[in-house]
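The file final30.txt comes next; it holds compact mmCIF, C-alpha atoms and all ligand atoms.
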```
# COMPACT_ATOMS: atom_id res chain seq x y z
CA MET M 14 49.62 -79.87 55.49
CA LYS M 15 49.41 -82.93 53.18
CA THR M 16 50.58 -86.12 54.89
CA ALA M 17 51.53 -89.52 53.51
CA LEU M 18 52.68 -92.74 55.14
CA VAL M 19 54.65 -95.48 53.38
CA THR M 20 55.34 -98.97 54.81
CA GLY M 21 58.55 -100.95 54.25
CA ALA M 22 60.14 -97.73 53.07
CA TYR M 23 63.84 -97.68 53.98
CA LYS M 24 64.84 -98.98 50.51
CA GLY M 25 63.52 -99.99 47.10
CA LEU M 26 60.13 -98.80 45.88
CA GLY M 27 59.04 -97.62 49.34
CA LEU M 28 61.98 -95.23 49.62
CA GLU M 29 61.21 -93.86 46.16
CA TRP M 30 57.55 -93.33 47.12
CA CYS M 31 58.76 -91.27 50.08
CA ARG M 32 61.11 -89.23 47.89
CA GLN M 33 58.56 -88.48 45.18
CA LEU M 34 55.69 -87.73 47.58
CA GLY M 35 58.11 -85.51 49.53
CA LYS M 36 58.92 -83.64 46.31
CA LYS M 37 55.18 -83.17 45.73
CA GLY M 38 54.99 -81.32 49.05
CA TYR M 39 53.79 -84.10 51.35
CA THR M 40 55.09 -84.50 54.86
CA VAL M 41 56.04 -88.18 54.65
CA ILE M 42 56.07 -90.70 57.48
CA LEU M 43 58.72 -93.19 56.36
CA THR M 44 58.26 -96.49 58.17
CA ALA M 45 60.39 -99.62 58.45
CA ARG M 46 60.43 -102.59 60.78
CA ARG M 47 63.43 -101.15 62.60
CA LEU M 48 63.55 -97.49 63.62
CA GLY M 49 67.32 -97.28 62.90
CA LYS M 50 66.77 -98.18 59.23
CA ALA M 51 63.87 -95.73 58.94
CA GLN M 52 65.94 -93.01 60.59
CA ALA M 53 68.94 -93.52 58.26
CA ALA M 54 66.74 -93.45 55.15
CA ALA M 55 64.83 -90.40 56.39
CA ASP M 56 68.12 -88.58 57.09
CA GLU M 57 69.13 -89.05 53.43
CA LEU M 58 65.84 -87.61 52.16
CA VAL M 59 65.96 -84.72 54.62
CA LYS M 60 69.36 -83.83 53.09
CA GLU M 61 67.50 -83.55 49.76
CA GLY M 62 65.30 -80.88 51.36
CA LEU M 63 62.24 -83.05 52.02
CA THR M 64 60.08 -83.25 55.13
CA ILE M 65 60.35 -86.85 56.27
CA LEU M 66 59.56 -88.38 59.65
CA PRO M 67 60.86 -91.89 60.48
CA LYS M 68 58.70 -94.35 62.44
CA ALA M 69 58.92 -98.07 63.18
CA VAL M 70 56.23 -100.57 62.27
CA ASP M 71 56.30 -104.27 61.52
CA VAL M 72 53.14 -104.64 59.45
CA ALA M 73 52.79 -108.28 60.51
CA LYS M 74 52.13 -107.11 64.09
CA GLU M 75 48.70 -105.54 64.50
CA ALA M 76 49.54 -104.07 67.92
CA GLN M 77 52.36 -102.06 66.32
CA ILE M 78 49.96 -100.77 63.65
CA THR M 79 47.50 -99.68 66.36
CA ASN M 80 50.25 -97.80 68.22
CA LEU M 81 51.50 -96.15 65.04
CA ALA M 82 48.01 -94.94 64.13
CA ALA M 83 47.64 -93.44 67.62
CA GLU M 84 51.01 -91.67 67.31
CA VAL M 85 50.23 -90.30 63.84
CA GLY M 86 46.81 -89.19 65.06
CA LYS M 87 48.37 -87.27 67.93
CA GLU M 88 51.05 -85.65 65.75
CA PHE M 89 49.12 -84.91 62.55
CA GLY M 90 45.41 -85.51 63.18
CA HIS M 91 44.84 -86.84 59.65
CA LEU M 92 46.36 -88.89 56.82
CA ASP M 93 45.97 -88.09 53.10
CA VAL M 94 47.84 -90.94 51.41
CA LEU M 95 48.67 -94.42 52.68
CA VAL M 96 51.05 -96.48 50.55
CA ASN M 97 50.98 -100.16 51.53
CA ASN M 98 54.35 -101.05 50.06
CA ALA M 99 55.89 -103.59 52.50
CA GLY M 100 56.01 -107.05 50.99
CA ILE M 101 57.90 -110.32 50.95
CA ASN M 102 58.82 -112.78 48.23
CA SER M 103 60.45 -116.03 49.25
CA LYS M 104 62.30 -116.25 45.94
CA ASP M 105 64.86 -113.88 47.50
CA ASN M 106 65.58 -116.11 50.45
CA PRO M 107 69.22 -117.22 50.54
CA ASP M 108 68.05 -120.60 51.85
CA GLU M 109 67.19 -122.69 48.77
CA LEU M 110 64.94 -124.90 50.91
CA VAL M 111 62.70 -121.93 51.80
CA VAL M 112 62.44 -120.98 48.13
CA ARG M 113 61.43 -124.52 47.19
CA LYS M 114 58.69 -124.55 49.86
CA SER M 115 56.88 -121.81 47.92
CA THR M 116 57.73 -122.88 44.40
CA PHE M 117 57.21 -126.60 43.83
CA LEU M 118 54.02 -128.56 44.47
CA SER M 119 55.99 -131.52 45.77
CA GLU M 120 57.60 -129.37 48.50
CA LEU M 121 54.79 -126.92 49.19
CA ASP M 122 54.65 -125.77 52.83
CA PRO M 123 51.40 -124.25 54.15
CA GLU M 124 53.31 -122.17 56.74
CA GLU M 125 55.32 -120.50 54.00
CA ILE M 126 52.18 -119.70 52.00
CA LEU M 127 50.42 -118.32 55.08
CA LYS M 128 53.40 -116.08 55.88
CA HIS M 129 53.09 -114.47 52.44
CA ILE M 130 49.33 -114.07 52.80
CA SER M 131 49.73 -112.53 56.25
CA ILE M 132 52.19 -109.84 55.14
CA ASN M 133 51.24 -109.28 51.49
CA SER M 134 47.45 -109.64 51.66
CA ILE M 135 46.20 -109.05 55.21
CA SER M 136 48.60 -106.43 56.60
CA PRO M 137 47.65 -103.77 54.00
CA ILE M 138 44.01 -104.15 55.04
CA LEU M 139 44.91 -104.02 58.75
CA MET M 140 46.72 -100.75 58.05
CA VAL M 141 43.48 -99.30 56.68
CA LYS M 142 41.48 -100.77 59.56
CA HIS M 143 43.55 -98.71 61.99
CA PHE M 144 44.18 -95.60 59.84
CA ARG M 145 40.57 -95.32 58.61
CA LYS M 146 39.69 -92.65 61.18
CA LEU M 147 42.66 -90.48 60.13
CA LEU M 148 42.01 -91.05 56.42
CA ASN M 149 38.46 -89.87 56.99
CA LYS M 150 39.82 -86.52 58.16
CA SER M 151 41.42 -85.92 54.72
CA ASP M 152 39.74 -84.03 51.83
CA ARG M 153 40.95 -86.65 49.32
CA PRO M 154 41.97 -89.81 51.17
CA MET M 155 43.82 -92.39 49.13
CA VAL M 156 45.14 -95.88 49.81
CA VAL M 157 47.57 -97.40 47.31
CA SER M 158 48.49 -101.04 47.91
CA ILE M 159 51.38 -102.40 45.87
CA SER M 160 50.26 -105.58 44.16
CA SER M 161 51.97 -107.24 41.17
CA TRP M 162 51.33 -108.55 37.71
CA LEU M 163 52.08 -111.89 39.38
CA GLY M 164 48.80 -111.48 41.27
CA SER M 165 46.81 -111.48 38.04
CA ILE M 166 45.02 -114.77 37.28
CA THR M 167 44.41 -113.65 33.69
CA THR M 168 48.08 -113.17 32.87
CA LYS M 169 49.42 -116.22 34.77
CA ASP M 170 50.05 -118.34 31.73
CA SER M 171 53.77 -118.88 32.22
CA MET M 172 56.05 -119.00 35.29
CA ARG M 173 54.75 -122.26 36.72
CA GLY M 174 54.40 -122.74 40.49
CA HIS M 175 55.58 -119.76 42.55
CA TYR M 176 52.52 -120.38 44.72
CA SER M 177 53.02 -118.15 47.76
CA TYR M 178 53.81 -114.77 46.26
CA CYS M 179 51.37 -114.98 43.34
CA THR M 180 48.52 -116.16 45.56
CA SER M 181 49.20 -113.51 48.18
CA LYS M 182 49.00 -110.69 45.62
CA THR M 183 45.78 -112.15 44.11
CA ALA M 184 44.34 -112.23 47.63
CA LEU M 185 45.44 -108.64 48.18
CA ASN M 186 43.54 -107.64 45.04
CA MET M 187 40.34 -109.25 46.38
CA MET M 188 40.86 -107.90 49.90
CA ASN M 189 41.15 -104.41 48.46
CA ARG M 190 38.15 -104.86 46.20
CA ALA M 191 36.00 -105.96 49.14
CA MET M 192 37.29 -103.12 51.32
CA SER M 193 36.80 -100.49 48.61
CA ILE M 194 33.07 -101.25 48.42
CA GLU M 195 32.79 -100.75 52.17
CA LEU M 196 34.84 -97.53 52.13
CA ARG M 197 33.33 -96.00 49.00
CA GLU M 198 30.62 -94.17 50.96
CA GLU M 199 33.28 -92.58 53.13
CA GLY M 200 35.07 -91.22 50.05
CA ILE M 201 38.28 -93.22 50.65
CA ILE M 202 39.81 -94.12 47.28
CA SER M 203 41.54 -97.48 47.61
CA ILE M 204 43.36 -99.10 44.68
CA VAL M 205 45.91 -101.83 43.98
CA VAL M 206 48.75 -101.22 41.54
CA ASN M 207 51.26 -103.19 39.53
CA PRO M 208 54.53 -101.22 39.70
CA GLY M 209 56.00 -103.15 36.75
CA TRP M 210 59.24 -105.13 37.00
CA VAL M 211 61.47 -102.79 38.96
CA GLN M 212 65.18 -102.68 39.85
CA THR M 213 65.13 -103.29 43.61
CA ASP M 214 66.43 -106.05 45.86
CA MET M 215 63.23 -107.95 45.10
CA GLY M 216 63.09 -107.20 41.36
CA GLY M 217 66.83 -107.65 40.72
CA GLN M 218 69.04 -105.41 38.64
CA LYS M 219 67.93 -106.88 35.28
CA ALA M 220 64.40 -105.50 35.75
CA ASP M 221 62.83 -103.19 33.14
CA LEU M 222 62.21 -100.09 35.22
CA THR M 223 64.04 -97.93 37.72
CA PRO M 224 62.15 -97.10 40.93
CA GLU M 225 62.01 -93.46 39.70
CA GLN M 226 60.21 -94.52 36.51
CA SER M 227 57.78 -96.85 38.28
CA VAL M 228 56.79 -94.53 41.12
CA GLY M 229 56.86 -91.44 38.88
CA GLY M 230 54.50 -93.22 36.48
CA LEU M 231 52.15 -94.28 39.26
CA ILE M 232 51.98 -90.81 40.79
CA GLU M 233 51.50 -89.00 37.49
CA ASN M 234 49.28 -91.52 35.68
CA VAL M 235 47.25 -92.88 38.58
CA LEU M 236 47.49 -91.09 41.94
CA GLU M 237 46.96 -87.60 40.55
CA LYS M 238 44.07 -88.63 38.29
CA ILE M 239 41.87 -91.11 40.13
CA THR M 240 38.55 -90.25 41.73
CA ILE M 241 36.21 -92.19 43.99
CA GLU M 242 34.72 -93.70 40.80
CA ASP M 243 38.00 -95.59 40.33
CA THR M 244 38.14 -97.08 43.81
CA GLY M 245 38.73 -100.83 43.90
CA SER M 246 40.59 -100.84 40.56
CA PHE M 247 43.87 -102.53 39.60
CA TYR M 248 46.22 -100.18 37.72
CA GLN M 249 49.54 -100.54 35.95
CA TRP M 250 52.33 -98.05 36.52
CA ASN M 251 51.59 -96.46 33.12
CA GLY M 252 48.00 -95.63 34.07
CA THR M 253 46.20 -98.40 32.16
CA LYS M 254 43.93 -100.88 33.96
CA HIS M 255 45.49 -104.26 34.72
CA PRO M 256 43.54 -107.43 33.91
CA TRP M 257 42.45 -109.29 37.05
N1 LIG J 1 60.48 -104.90 42.40
C1 LIG J 1 59.53 -105.40 41.63
O1 LIG J 1 59.78 -105.74 40.45
C2 LIG J 1 58.13 -105.56 42.14
C3 LIG J 1 57.15 -105.97 41.23
C4 LIG J 1 55.84 -106.11 41.67
C5 LIG J 1 55.51 -105.80 42.98
N2 LIG J 1 56.49 -105.42 43.86
C6 LIG J 1 56.07 -105.09 45.24
O2 LIG J 1 56.57 -103.82 45.59
C7 LIG J 1 56.72 -103.74 47.00
C8 LIG J 1 58.11 -103.20 47.35
O3 LIG J 1 59.07 -104.16 46.93
P1 LIG J 1 60.56 -103.79 46.46
O4 LIG J 1 60.68 -104.27 45.08
O5 LIG J 1 60.87 -102.39 46.80
O6 LIG J 1 61.39 -104.82 47.36
P2 LIG J 1 62.37 -104.64 48.60
O7 LIG J 1 63.45 -103.66 48.28
O8 LIG J 1 62.73 -106.02 49.00
O9 LIG J 1 61.45 -103.96 49.72
C9 LIG J 1 60.52 -104.68 50.48
C10 LIG J 1 60.34 -103.90 51.75
O10 LIG J 1 59.28 -104.49 52.52
C11 LIG J 1 59.73 -104.52 53.87
N3 LIG J 1 59.02 -105.50 54.69
C12 LIG J 1 58.92 -106.85 54.54
N4 LIG J 1 58.21 -107.38 55.55
C13 LIG J 1 57.85 -106.34 56.35
C14 LIG J 1 57.11 -106.25 57.55
N5 LIG J 1 56.60 -107.33 58.16
N6 LIG J 1 56.93 -105.02 58.10
C15 LIG J 1 57.44 -103.91 57.53
N7 LIG J 1 58.18 -103.94 56.41
C16 LIG J 1 58.36 -105.14 55.82
C17 LIG J 1 61.21 -104.86 53.77
O11 LIG J 1 61.86 -104.58 54.99
P3 LIG J 1 62.94 -105.63 55.63
O12 LIG J 1 64.20 -105.46 54.82
O13 LIG J 1 63.05 -105.17 57.04
O14 LIG J 1 62.34 -107.00 55.50
C18 LIG J 1 61.59 -103.91 52.63
O15 LIG J 1 61.83 -102.62 53.12
C19 LIG J 1 56.42 -105.14 47.54
O16 LIG J 1 55.09 -105.19 48.00
C20 LIG J 1 56.58 -106.01 46.31
O17 LIG J 1 55.85 -107.21 46.41
C21 LIG J 1 57.78 -105.28 43.47
```
Is it possible to express this structure as structure tokens?
Ligand SMILES: NC(=O)c1ccc[n+]([C@@H]2O[C@H](COP(=O)([O-])OP(=O)(O)OC[C@H]3O[C@@H](n4cnc5c(N)ncnc54)[C@H](OP(=O)(O)O)[C@@H]3O)[C@@H](O)[C@H]2O)c1
Amino acid sequence: MKTALVTGAYKGLGLEWCRQLGKKGYTVILTARRLGKAQAAADELVKEGLTILPKAVDVAKEAQITNLAAEVGKEFGHLDVLVNNAGINSKDNPDELVVRKSTFLSELDPEEILKHISINSISPILMVKHFRKLLNKSDRPMVVSISSWLGSITTKDSMRGHYSYCTSKTALNMMNRAMSIELREEGIISIVVNPGWVQTDMGGQKADLTPEQSVGGLIENVLEKITIEDTGSFYQWNGTKHPW
């Protein structure tokens, strides 16, 4: 049985990852901070004929990650694909003051920046720390962490400020690169991806791509093609390499 686990998956890109991996024959563990939300989303996908199991995990809380890994270990004994999808972006906060704390130098708030780094950069690596043993039981273990074009230093030539989110995705890229070197010998393929600008709550409805297009592109152009030689890379949804 092929198994996959997706974080932050009750809506947006995470939900679409669950749907498309489910359609590819994976048994998918759909996780969200609250079990109720995970359960409701899983129920919808089960109605589509997919095998989906809801679980709760707040990726900012390492103890919850440890417990989840123990539960998955007991129920499945291995993990083939981990999609680190959960992420935050303060630009969506309804409180203008919070948005400004991440956006303008004059109002920059270290706490706000650290919150982004904790969830967007460190949590994906903590997930691997605790799921490593189960990934090692897979024939072709893969970790996909959702980064962003906004994490690229090379392409940051417009959109001034926006410190927290951009920095957190750049840090994720380096965290993954460092981890991939350590995990290479174990055969765990670990990449970061730019999903493109996608129509979700975070991306907004004016975005270029639907979640179906973005995730479909990543599965077909990246997930199904990469080998251990590609570990540590930064890919775009269309399969090309993204500049760092
Ligand atoms: N949409 C785009 O254009 C775009 C572009 C580049 C990268 N991305 C990245 O793609 C990923 C998915 O974003 P999206 O566009 O699908 O946005 P979204 O609909 O806002 O989804 C974000 C998900 O992350 C979850 N989350 C946040 N903090 C969490 C935590 N501590 N523990 C567990 N779950 C948590 C949210 O759950 P709650 O509702 O409970 O907070 C939500 O389910 C993110 O990493 C984002 O940075 C998106």
Go through region 63-113 of chain M residue by residue and, counting only C-alpha atoms, keep those with an atom at most 10 Å from region 117-138 of chain M; for each kept residue give the shortest atom pair and its distance in Å to one decimal, ordered by chain and increasing number, as a tab-separated table.
```
residue	atom	partner	partner_atom	distance
M:Asp71	CA	M:Ser136	CA	9.4
M:Val72	CA	M:Ser136	CA	5.7
M:Ala73	CA	M:Ile132	CA	5.6
M:Lys74	CA	M:Ser136	CA	8.3
M:Glu75	CA	M:Ser136	CA	8.0
M:Ile78	CA	M:Ser136	CA	9.1
M:Leu95	CA	M:Pro137	CA	9.5
M:Val96	CA	M:Pro137	CA	8.8
M:Asn97	CA	M:Pro137	CA	5.5
M:Asn98	CA	M:Pro137	CA	8.2
M:Ala99	CA	M:Asn133	CA	7.4
M:Gly100	CA	M:Asn133	CA	5.3
M:Ile101	CA	M:His129	CA	6.5
M:Asn102	CA	M:His129	CA	7.3
M:Ser103	CA	M:His129	CA	8.2
M:Leu110	CA	M:Glu120	CA	8.9
M:Val111	CA	M:Glu125	CA	7.8
M:Val112	CA	M:Phe117	CA	8.8
M:Arg113	CA	M:Phe117	CA	5.8
```
- prompt: Which chains and residue numbers are within 9 Å of ligand LIG 1 (chain J), counting all atoms listed in the file, if I want them as a ChimeraX atom specification?
  reply: /M:20-29,44-47,50,69-74,97-102,105,131-133,136,158-164,178,182,206-217,220-222,224
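The space between CA of Arg190 (chain M) and CA of Ser246 (chain M) spans 7.3 Å.
Counting from CA of Val228 (chain M), the distance to CA of Val205 (chain M) is 13.4 Å.
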task: Select, from M:Lys169, M:Arg145, M:Arg197, M:Lys238, the residue with the minimum atom-to-atom distance to Gly86 (chain M), counting all atoms listed in the file.
output: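 Checking each of M:Lys169, M:Arg145, M:Arg197, M:Lys238 against Gly86 (chain M), counting all atoms listed in the file, the winner is M:Arg145.
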field: Pick from M:Cys31, M:Ala54, M:Val235, M:Leu92, whichever lies nearest to Asn149 (chain M) using all atoms listed in the file
entry: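 Closest candidate: M:Leu92.
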Counting all atoms listed in the file, the option among M:Asn106, M:Thr244, M:Gln226, M:Ser203 closest to Asp93 (chain M):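 Looking at the shortest contact to Asp93 (chain M), the residue is M:Ser203.
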field: Selection near region 57-59 of chain M, 10 Å with all atoms listed in the file, sequence-local residues under 2 positions removed, as a PyMOL selection string
entry: chain M and resi 28-29+31-32+35-36+43+52-55+61-66
query: Which is closer to Pro256 (chain M) than all the others in M:Met188, M:Thr168, M:Ile232, M:Glu242, using only C-alpha atoms?
result: M:Thr168
statement: Among M:Val41, M:Cys179, M:Val19, M:Ile202, Ser115 (chain M) is approached most closely, using only C-alpha atoms, by M:Cys179
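Note that the spacing between CA of Thr183 (chain M) and CA of Asn234 (chain M) amounts to 22.6 Å.
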field: Counting all atoms listed in the file, the residue of M:Thr40, M:Ser181, M:Gly230, M:Ala83 that sits nearest Trp250 (chain M)
entry: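 Of M:Thr40, M:Ser181, M:Gly230, M:Ala83, the one nearest Trp250 (chain M) is M:Gly230, counting all atoms listed in the file.
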Kindly add N, CA and C atoms to the incomplete region 157-169 of chain M and provide the output as a compact mmCIF listing (two decimals), keeping the file's coordinate frame.
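Full text of selection-v4.txt as output:
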```
# COMPACT_ATOMS: atom_id res chain seq x y z
N VAL M 157 46.97 -96.71 48.45
CA VAL M 157 47.57 -97.40 47.31
C VAL M 157 48.28 -98.63 47.85
N SER M 158 47.83 -99.81 47.46
CA SER M 158 48.49 -101.04 47.91
C SER M 158 49.25 -101.63 46.73
N ILE M 159 50.54 -101.93 46.98
CA ILE M 159 51.38 -102.40 45.87
C ILE M 159 51.14 -103.89 45.66
N SER M 160 50.50 -104.20 44.55
CA SER M 160 50.26 -105.58 44.16
C SER M 160 51.34 -105.98 43.14
N SER M 161 50.98 -106.79 42.17
CA SER M 161 51.97 -107.24 41.17
C SER M 161 51.24 -107.85 39.99
N TRP M 162 51.90 -107.83 38.85
CA TRP M 162 51.33 -108.55 37.71
C TRP M 162 51.27 -110.04 38.04
N LEU M 163 52.09 -110.48 38.99
CA LEU M 163 52.08 -111.89 39.38
C LEU M 163 50.83 -112.25 40.19
N GLY M 164 50.06 -111.24 40.57
CA GLY M 164 48.80 -111.48 41.27
C GLY M 164 47.63 -111.58 40.31
N SER M 165 47.89 -111.42 39.02
CA SER M 165 46.81 -111.48 38.04
C SER M 165 46.58 -112.93 37.60
N ILE M 166 45.35 -113.41 37.74
CA ILE M 166 45.02 -114.77 37.28
C ILE M 166 45.02 -114.79 35.75
N THR M 167 44.50 -113.72 35.15
CA THR M 167 44.41 -113.65 33.69
C THR M 167 45.77 -113.80 33.02
N THR M 168 46.79 -113.16 33.57
CA THR M 168 48.08 -113.17 32.87
C THR M 168 49.02 -114.28 33.37
N LYS M 169 48.54 -115.13 34.29
CA LYS M 169 49.42 -116.22 34.77
C LYS M 169 49.33 -117.39 33.80
```
